[in-house]
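**Student:** This is run13.cif, which holds mmCIF, N, CA and C atoms:
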data_input
loop_
_atom_site.label_atom_id
_atom_site.label_comp_id
_atom_site.auth_asym_id
_atom_site.auth_seq_id
_atom_site.Cartn_x
_atom_site.Cartn_y
_atom_site.Cartn_z
N MET A 28 56.18 15.55 -197.81
CA MET A 28 55.85 16.45 -198.89
C MET A 28 55.76 15.65 -200.19
N ARG A 29 54.72 15.85 -200.94
CA ARG A 29 54.55 15.18 -202.22
C ARG A 29 54.84 16.16 -203.33
N PHE A 30 55.36 15.67 -204.42
CA PHE A 30 55.63 16.52 -205.56
C PHE A 30 55.23 15.78 -206.82
N PHE A 31 54.95 16.55 -207.84
CA PHE A 31 54.48 16.01 -209.10
C PHE A 31 55.68 15.52 -209.91
N CYS A 32 55.60 14.30 -210.40
CA CYS A 32 56.67 13.73 -211.22
C CYS A 32 56.04 13.22 -212.51
N PRO A 33 56.00 14.06 -213.54
CA PRO A 33 55.34 13.64 -214.77
C PRO A 33 56.15 12.58 -215.51
N TYR A 34 55.46 11.77 -216.30
CA TYR A 34 56.14 10.79 -217.14
C TYR A 34 56.92 11.56 -218.20
N GLN A 35 58.16 11.19 -218.37
CA GLN A 35 59.00 11.82 -219.37
C GLN A 35 59.78 10.76 -220.10
N LYS A 36 60.34 11.12 -221.23
CA LYS A 36 61.15 10.17 -221.98
C LYS A 36 62.58 10.17 -221.49
N GLN A 37 62.86 10.88 -220.44
CA GLN A 37 64.21 10.90 -219.91
C GLN A 37 64.24 10.22 -218.55
N LEU A 38 65.39 9.74 -218.22
CA LEU A 38 65.61 9.08 -216.94
C LEU A 38 66.96 9.55 -216.44
N ARG A 39 67.04 9.87 -215.18
CA ARG A 39 68.32 10.29 -214.61
C ARG A 39 68.99 9.11 -213.93
N LEU A 40 70.29 9.12 -213.98
CA LEU A 40 71.11 8.14 -213.29
C LEU A 40 72.01 8.90 -212.35
N ARG A 41 72.00 8.51 -211.09
CA ARG A 41 72.82 9.18 -210.08
C ARG A 41 73.61 8.12 -209.32
N VAL A 42 74.92 8.34 -209.21
CA VAL A 42 75.80 7.44 -208.46
C VAL A 42 76.48 8.27 -207.39
N ILE A 43 76.27 7.90 -206.12
CA ILE A 43 76.82 8.65 -204.99
C ILE A 43 77.96 7.85 -204.38
N ALA A 44 79.13 8.47 -204.28
CA ALA A 44 80.31 7.79 -203.75
C ALA A 44 80.23 7.66 -202.23
N HIS A 45 80.97 6.69 -201.70
CA HIS A 45 81.05 6.47 -200.25
C HIS A 45 81.65 7.70 -199.57
N SER A 46 82.72 8.26 -200.15
CA SER A 46 83.37 9.45 -199.58
C SER A 46 84.04 10.21 -200.72
N ASP A 47 84.75 11.26 -200.37
CA ASP A 47 85.47 12.03 -201.38
C ASP A 47 86.91 11.56 -201.55
N GLU A 48 87.28 10.49 -200.88
CA GLU A 48 88.62 9.93 -201.07
C GLU A 48 88.76 9.42 -202.51
N LYS A 49 89.96 9.52 -203.05
CA LYS A 49 90.19 9.15 -204.45
C LYS A 49 89.74 7.73 -204.79
N PRO A 50 90.05 6.69 -203.96
CA PRO A 50 89.58 5.34 -204.31
C PRO A 50 88.06 5.24 -204.38
N ASP A 51 87.36 5.96 -203.51
CA ASP A 51 85.89 5.93 -203.52
C ASP A 51 85.33 6.65 -204.74
N GLN A 52 85.98 7.75 -205.14
CA GLN A 52 85.54 8.47 -206.32
C GLN A 52 85.79 7.64 -207.59
N LEU A 53 86.88 6.92 -207.62
CA LEU A 53 87.15 6.04 -208.76
C LEU A 53 86.16 4.88 -208.81
N ALA A 54 85.80 4.35 -207.63
CA ALA A 54 84.79 3.28 -207.58
C ALA A 54 83.46 3.79 -208.12
N LYS A 55 83.11 5.02 -207.78
CA LYS A 55 81.87 5.63 -208.29
C LYS A 55 81.86 5.64 -209.81
N LEU A 56 82.98 6.02 -210.42
CA LEU A 56 83.05 6.07 -211.88
C LEU A 56 83.03 4.68 -212.51
N ARG A 57 83.64 3.71 -211.84
CA ARG A 57 83.61 2.33 -212.35
C ARG A 57 82.18 1.78 -212.30
N VAL A 58 81.45 2.09 -211.24
CA VAL A 58 80.05 1.66 -211.14
C VAL A 58 79.23 2.33 -212.24
N ARG A 59 79.44 3.62 -212.43
CA ARG A 59 78.72 4.34 -213.49
C ARG A 59 78.96 3.68 -214.84
N ASP A 60 80.22 3.41 -215.15
CA ASP A 60 80.55 2.80 -216.44
C ASP A 60 79.97 1.39 -216.57
N GLY A 61 79.85 0.68 -215.44
CA GLY A 61 79.30 -0.67 -215.47
C GLY A 61 77.80 -0.73 -215.67
N VAL A 62 77.08 0.26 -215.15
CA VAL A 62 75.62 0.21 -215.21
C VAL A 62 75.03 1.05 -216.34
N LEU A 63 75.79 1.95 -216.89
CA LEU A 63 75.25 2.85 -217.92
C LEU A 63 74.62 2.12 -219.10
N PRO A 64 75.26 1.09 -219.67
CA PRO A 64 74.60 0.38 -220.79
C PRO A 64 73.29 -0.29 -220.37
N LEU A 65 73.23 -0.76 -219.14
CA LEU A 65 72.00 -1.42 -218.66
C LEU A 65 70.90 -0.40 -218.38
N ALA A 66 71.27 0.77 -217.90
CA ALA A 66 70.27 1.81 -217.59
C ALA A 66 69.64 2.38 -218.84
N ALA A 67 70.32 2.24 -219.97
CA ALA A 67 69.78 2.77 -221.23
C ALA A 67 68.78 1.83 -221.88
N ARG A 68 68.70 0.60 -221.41
CA ARG A 68 67.79 -0.37 -222.01
C ARG A 68 66.36 -0.18 -221.51
N ARG A 69 65.42 -0.53 -222.37
CA ARG A 69 64.02 -0.52 -221.98
C ARG A 69 63.45 -1.88 -222.30
N PRO A 70 62.68 -2.48 -221.41
CA PRO A 70 62.29 -1.96 -220.11
C PRO A 70 63.45 -1.96 -219.13
N LEU A 71 63.35 -1.10 -218.16
CA LEU A 71 64.39 -0.95 -217.14
C LEU A 71 64.44 -2.19 -216.26
N ASP A 72 65.61 -2.77 -216.11
CA ASP A 72 65.80 -3.97 -215.30
C ASP A 72 66.65 -3.62 -214.08
N LEU A 73 65.99 -3.27 -212.98
CA LEU A 73 66.70 -2.84 -211.77
C LEU A 73 67.55 -3.96 -211.17
N ASP A 74 67.10 -5.20 -211.31
CA ASP A 74 67.90 -6.32 -210.78
C ASP A 74 69.23 -6.43 -211.51
N ALA A 75 69.21 -6.25 -212.83
CA ALA A 75 70.45 -6.31 -213.61
C ALA A 75 71.36 -5.13 -213.26
N ILE A 76 70.77 -3.96 -213.07
CA ILE A 76 71.55 -2.79 -212.69
C ILE A 76 72.20 -3.00 -211.32
N GLN A 77 71.43 -3.53 -210.38
CA GLN A 77 71.97 -3.77 -209.04
C GLN A 77 73.08 -4.83 -209.08
N ALA A 78 72.89 -5.87 -209.87
CA ALA A 78 73.91 -6.91 -209.98
C ALA A 78 75.20 -6.34 -210.57
N ALA A 79 75.07 -5.50 -211.60
CA ALA A 79 76.25 -4.90 -212.22
C ALA A 79 76.96 -3.95 -211.25
N ALA A 80 76.17 -3.18 -210.50
CA ALA A 80 76.77 -2.25 -209.53
C ALA A 80 77.48 -3.00 -208.41
N ARG A 81 76.85 -4.07 -207.92
CA ARG A 81 77.46 -4.86 -206.84
C ARG A 81 78.65 -5.69 -207.31
N GLU A 82 78.73 -5.94 -208.60
CA GLU A 82 79.89 -6.64 -209.14
C GLU A 82 81.14 -5.76 -209.00
N VAL A 83 80.94 -4.46 -209.15
CA VAL A 83 82.05 -3.51 -209.02
C VAL A 83 82.25 -3.12 -207.56
N GLU A 84 81.15 -2.83 -206.87
CA GLU A 84 81.19 -2.37 -205.48
C GLU A 84 80.12 -3.11 -204.68
N PRO A 85 80.52 -4.08 -203.84
CA PRO A 85 79.55 -4.90 -203.12
C PRO A 85 78.59 -4.12 -202.21
N SER A 86 78.97 -2.90 -201.81
CA SER A 86 78.12 -2.12 -200.91
C SER A 86 77.07 -1.30 -201.65
N ALA A 87 76.97 -1.44 -202.96
CA ALA A 87 76.05 -0.62 -203.76
C ALA A 87 74.59 -0.93 -203.42
N ARG A 88 73.81 0.15 -203.25
CA ARG A 88 72.37 0.03 -203.05
C ARG A 88 71.68 0.80 -204.18
N VAL A 89 70.74 0.14 -204.83
CA VAL A 89 70.06 0.73 -205.98
C VAL A 89 68.60 0.96 -205.63
N ARG A 90 68.10 2.12 -205.99
CA ARG A 90 66.67 2.38 -205.83
C ARG A 90 66.18 3.22 -207.01
N PHE A 91 64.91 3.05 -207.31
CA PHE A 91 64.29 3.76 -208.41
C PHE A 91 63.12 4.55 -207.86
N GLY A 92 62.96 5.76 -208.33
CA GLY A 92 61.84 6.57 -207.88
C GLY A 92 61.87 7.92 -208.56
N CYS A 93 61.07 8.81 -208.02
CA CYS A 93 61.00 10.18 -208.51
C CYS A 93 61.75 11.05 -207.51
N PHE A 94 62.87 11.61 -207.92
CA PHE A 94 63.73 12.38 -207.03
C PHE A 94 63.79 13.83 -207.52
N THR A 95 64.13 14.74 -206.61
CA THR A 95 64.28 16.13 -206.99
C THR A 95 65.76 16.44 -207.17
N PHE A 96 66.05 17.15 -208.23
CA PHE A 96 67.40 17.61 -208.55
C PHE A 96 67.32 19.10 -208.78
N GLY A 97 67.76 19.87 -207.82
CA GLY A 97 67.71 21.32 -207.98
C GLY A 97 66.29 21.85 -208.12
N GLY A 98 65.35 21.26 -207.42
CA GLY A 98 63.96 21.70 -207.47
C GLY A 98 63.16 21.11 -208.61
N TYR A 99 63.77 20.27 -209.41
CA TYR A 99 63.10 19.66 -210.56
C TYR A 99 62.91 18.18 -210.28
N ALA A 100 61.69 17.69 -210.38
CA ALA A 100 61.38 16.29 -210.10
C ALA A 100 61.54 15.47 -211.38
N SER A 101 62.21 14.33 -211.23
CA SER A 101 62.46 13.48 -212.40
C SER A 101 62.58 12.03 -211.96
N PRO A 102 62.11 11.09 -212.79
CA PRO A 102 62.35 9.68 -212.48
C PRO A 102 63.84 9.41 -212.57
N ALA A 103 64.34 8.61 -211.62
CA ALA A 103 65.78 8.37 -211.58
C ALA A 103 66.10 7.02 -210.97
N VAL A 104 67.25 6.50 -211.37
CA VAL A 104 67.88 5.36 -210.72
C VAL A 104 69.00 5.95 -209.88
N GLU A 105 68.95 5.68 -208.58
CA GLU A 105 69.97 6.21 -207.68
C GLU A 105 70.76 5.06 -207.09
N ILE A 106 72.09 5.13 -207.22
CA ILE A 106 72.97 4.10 -206.70
C ILE A 106 73.85 4.74 -205.64
N THR A 107 73.76 4.23 -204.42
CA THR A 107 74.55 4.75 -203.31
C THR A 107 75.60 3.73 -202.93
N LEU A 108 76.84 4.19 -202.84
CA LEU A 108 77.95 3.33 -202.46
C LEU A 108 78.32 3.60 -201.00
N GLY A 109 78.36 2.55 -200.20
CA GLY A 109 78.74 2.69 -198.79
C GLY A 109 77.85 3.68 -198.07
N ALA A 110 78.50 4.64 -197.37
CA ALA A 110 77.77 5.64 -196.59
C ALA A 110 77.12 6.71 -197.47
N GLY A 111 77.54 6.82 -198.72
CA GLY A 111 76.95 7.80 -199.62
C GLY A 111 77.23 9.23 -199.22
N LEU A 112 78.44 9.50 -198.68
CA LEU A 112 78.78 10.84 -198.21
C LEU A 112 79.67 11.61 -199.17
N GLY A 113 80.03 11.00 -200.30
CA GLY A 113 80.92 11.64 -201.25
C GLY A 113 80.17 12.38 -202.34
N HIS A 114 80.95 13.02 -203.20
CA HIS A 114 80.36 13.69 -204.35
C HIS A 114 79.68 12.66 -205.25
N ASN A 115 78.71 13.13 -206.00
CA ASN A 115 77.96 12.21 -206.85
C ASN A 115 78.18 12.53 -208.31
N TRP A 116 77.84 11.57 -209.15
CA TRP A 116 77.80 11.75 -210.59
C TRP A 116 76.36 11.55 -210.99
N TRP A 117 75.85 12.39 -211.87
CA TRP A 117 74.51 12.15 -212.39
C TRP A 117 74.46 12.59 -213.84
N GLY A 118 73.60 11.94 -214.54
CA GLY A 118 73.41 12.26 -215.95
C GLY A 118 71.99 11.93 -216.36
N ILE A 119 71.62 12.44 -217.51
CA ILE A 119 70.28 12.22 -218.04
C ILE A 119 70.38 11.24 -219.20
N LEU A 120 69.56 10.22 -219.17
CA LEU A 120 69.53 9.22 -220.23
C LEU A 120 68.31 9.49 -221.10
N TYR A 121 68.52 9.50 -222.38
CA TYR A 121 67.42 9.64 -223.32
C TYR A 121 67.30 8.33 -224.06
N PRO A 122 66.40 7.46 -223.66
CA PRO A 122 66.31 6.13 -224.26
C PRO A 122 66.16 6.15 -225.77
N ASP A 123 65.41 7.09 -226.30
CA ASP A 123 65.21 7.13 -227.75
C ASP A 123 66.49 7.49 -228.49
N ALA A 124 67.42 8.14 -227.80
CA ALA A 124 68.66 8.56 -228.44
C ALA A 124 69.80 7.58 -228.17
N MET A 125 69.52 6.48 -227.49
CA MET A 125 70.57 5.55 -227.12
C MET A 125 70.75 4.45 -228.15
N ASP A 126 70.56 4.77 -229.41
CA ASP A 126 70.75 3.81 -230.50
C ASP A 126 72.25 3.68 -230.75
N THR A 127 72.81 2.54 -230.43
CA THR A 127 74.25 2.35 -230.56
C THR A 127 74.64 1.95 -231.97
N GLU A 128 73.68 1.62 -232.82
CA GLU A 128 73.98 1.21 -234.19
C GLU A 128 74.26 2.41 -235.08
N THR A 129 73.61 3.53 -234.81
CA THR A 129 73.75 4.71 -235.64
C THR A 129 74.53 5.77 -234.87
N PRO A 130 75.59 6.33 -235.46
CA PRO A 130 76.34 7.38 -234.76
C PRO A 130 75.49 8.63 -234.58
N ALA A 131 75.68 9.30 -233.46
CA ALA A 131 74.93 10.51 -233.17
C ALA A 131 75.38 11.63 -234.09
N GLN A 132 74.43 12.45 -234.52
CA GLN A 132 74.74 13.60 -235.35
C GLN A 132 74.14 14.82 -234.69
N PHE A 133 74.94 15.85 -234.57
CA PHE A 133 74.49 17.08 -233.94
C PHE A 133 74.52 18.20 -234.96
N GLU A 134 73.61 19.13 -234.81
CA GLU A 134 73.52 20.24 -235.75
C GLU A 134 73.58 21.53 -234.96
N SER A 135 74.40 22.45 -235.40
CA SER A 135 74.57 23.73 -234.72
C SER A 135 73.81 24.81 -235.48
N TRP A 136 72.95 25.53 -234.80
CA TRP A 136 72.22 26.60 -235.45
C TRP A 136 73.17 27.70 -235.89
N PHE A 137 74.23 27.90 -235.11
CA PHE A 137 75.21 28.94 -235.42
C PHE A 137 75.97 28.60 -236.71
N LEU A 138 76.43 27.35 -236.82
CA LEU A 138 77.12 26.95 -238.05
C LEU A 138 76.19 27.01 -239.25
N ASN A 139 74.94 26.61 -239.06
CA ASN A 139 73.97 26.70 -240.15
C ASN A 139 73.77 28.15 -240.60
N LEU A 140 73.76 29.08 -239.64
CA LEU A 140 73.62 30.49 -239.96
C LEU A 140 74.82 30.99 -240.77
N LEU A 141 76.04 30.59 -240.35
CA LEU A 141 77.24 30.99 -241.08
C LEU A 141 77.24 30.40 -242.50
N ARG A 142 76.76 29.16 -242.64
CA ARG A 142 76.66 28.56 -243.99
C ARG A 142 75.65 29.32 -244.85
N LYS A 143 74.54 29.69 -244.23
CA LYS A 143 73.49 30.41 -244.95
C LYS A 143 74.01 31.75 -245.47
N TRP A 144 74.85 32.41 -244.67
CA TRP A 144 75.42 33.69 -245.08
C TRP A 144 76.57 33.52 -246.05
N GLY A 145 77.01 32.25 -246.24
CA GLY A 145 78.11 31.98 -247.16
C GLY A 145 79.48 32.23 -246.55
N TRP A 146 79.56 32.33 -245.24
CA TRP A 146 80.85 32.59 -244.59
C TRP A 146 81.68 31.33 -244.44
N ILE A 147 81.02 30.18 -244.41
CA ILE A 147 81.75 28.90 -244.37
C ILE A 147 81.09 27.95 -245.35
N GLY A 148 81.86 26.92 -245.74
CA GLY A 148 81.35 25.96 -246.74
C GLY A 148 80.63 24.80 -246.15
#
Please render this file's structure as structure tokens.

**Tutor:**
Amino acid sequence: MRFFCPYQKQLRLRVIAHSDEKPDQLAKLRVRDGVLPLAARRPLDLDAIQAAAREVEPSARVRFGCFTFGGYASPAVEITLGAGLGHNWWGILYPDAMDTETPAQFESWFLNLLRKWGWIG
């Protein structure tokens, strides 16, 4: 089955644990933390991501492609540890928002509305 995977400015990162045992779940999080800074860089360097993942977990397998997540197709880097039978971690990376020099600023429409009404300063 083929599905449409449009070019987007977002990229998903998925790390699948070997099993649901606590050491395997912790390894999954260590791999995530090790590859996250590399996955945010452009151009994407899969060799560097694989090297970083294997530095933490030698059984790590990295692949890049268009995967479906809940019926939604998206480009993703998928890292499978061991048998890949455990729970996974996934997140969406926005390369344009990954500027580490400038702190992120968020704006709430609700707080802006309360300010507009004069309820908060």

**Student:** Pull the closest atom pair for each residue of segment 82-128 of chain A that gets at most 6 Å from segment 43-50 of chain A, along with the distance in Å to one decimal, counting only N, CA and C atoms, ordering rows by chain and then ascending residue number, as CSV.

**Tutor:**
residue,atom,partner,partner_atom,distance
A:Ile106,C,A:Ile43,N,4.0
A:Thr107,CA,A:Ile43,N,4.6
A:Leu108,C,A:His45,CA,4.0
A:Gly109,CA,A:His45,CA,4.7
A:Ala110,N,A:His45,CA,4.3
A:Gly111,N,A:His45,CA,3.8
A:Leu112,N,A:His45,C,3.8
A:Gly113,CA,A:Ser46,C,3.5
A:His114,C,A:Ala44,N,4.3
A:Asn115,CA,A:Ile43,CA,4.2
A:Trp116,N,A:Ile43,N,5.0

**Student:** Tell me which residues come within 7 Å of (80.2, -2.1, -212.6), as an NGL selection string, counting all atoms listed in the file in the file's coordinates.

**Tutor:** :A and (57-62 or 78-84)

**Student:** Find the distance between atom CA of Ala54 of chain A and atom CA of Gly97 of chain A and write it in Å to one decimal.

**Tutor:**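 So the two atoms, atom CA of Ala54 of chain A and atom CA of Gly97 of chain A, lie 24.8 Å apart.
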
**Student:** So that I can see what lies close to Gly92 of chain A, please list as a short mmCIF file (atom, residue, chain, number, x, y, z; two decimals) with N, CA and C atoms, in the coordinates of the input the residues with an atom at most 8 Å from it, counting only N, CA and C atoms and leaving out residues fewer than 6 positions away in the same chain.

**Tutor:**
data_model
loop_
_atom_site.label_atom_id
_atom_site.label_comp_id
_atom_site.auth_asym_id
_atom_site.auth_seq_id
_atom_site.Cartn_x
_atom_site.Cartn_y
_atom_site.Cartn_z
N SER A 101 62.21 14.33 -211.23
CA SER A 101 62.46 13.48 -212.40
C SER A 101 62.58 12.03 -211.96
N PRO A 102 62.11 11.09 -212.79
CA PRO A 102 62.35 9.68 -212.48
C PRO A 102 63.84 9.41 -212.57
N ALA A 103 64.34 8.61 -211.62
CA ALA A 103 65.78 8.37 -211.58
C ALA A 103 66.10 7.02 -210.97
N VAL A 104 67.25 6.50 -211.37
CA VAL A 104 67.88 5.36 -210.72
C VAL A 104 69.00 5.95 -209.88
N GLU A 105 68.95 5.68 -208.58
CA GLU A 105 69.97 6.21 -207.68
C GLU A 105 70.76 5.06 -207.09
#

**Student:** Report the distance between atom CA of Cys93 of chain A and atom CA of Leu38 of chain A in Å, rounded to one decimal place.

**Tutor:** 9.7 Å

**Student:** Per DSSP on the backbone, what are the strand (DSSP E) residues of segment 35-132 of chain A, as JSON, numbers by chain?

**Tutor:** {"A": [38, 39, 40, 41, 42, 43, 88, 89, 90, 91, 92, 93, 94, 95, 96, 99, 100, 101, 102, 103, 104, 105, 106, 107, 115, 116, 117, 118, 119, 120]}

**Student:** Among chain A, which ones does DSSP assign to alpha helix (DSSP H) (computed from the backbone)? Answer as a ChimeraX atom specification.

**Tutor:** /A:49-66,73-83,136-143

**Student:** So which one's closest to Leu40 of chain A, A:Leu140, A:Ala87, A:Ala66, A:Leu73? Using all atoms listed in the file, please.

**Tutor:** A:Ala66

**Student:** Expressed in Å to a single decimal, how great is the separation between atom C of Gln52 of chain A and atom C of Asp74 of chain A?

**Tutor:** 22.1 Å
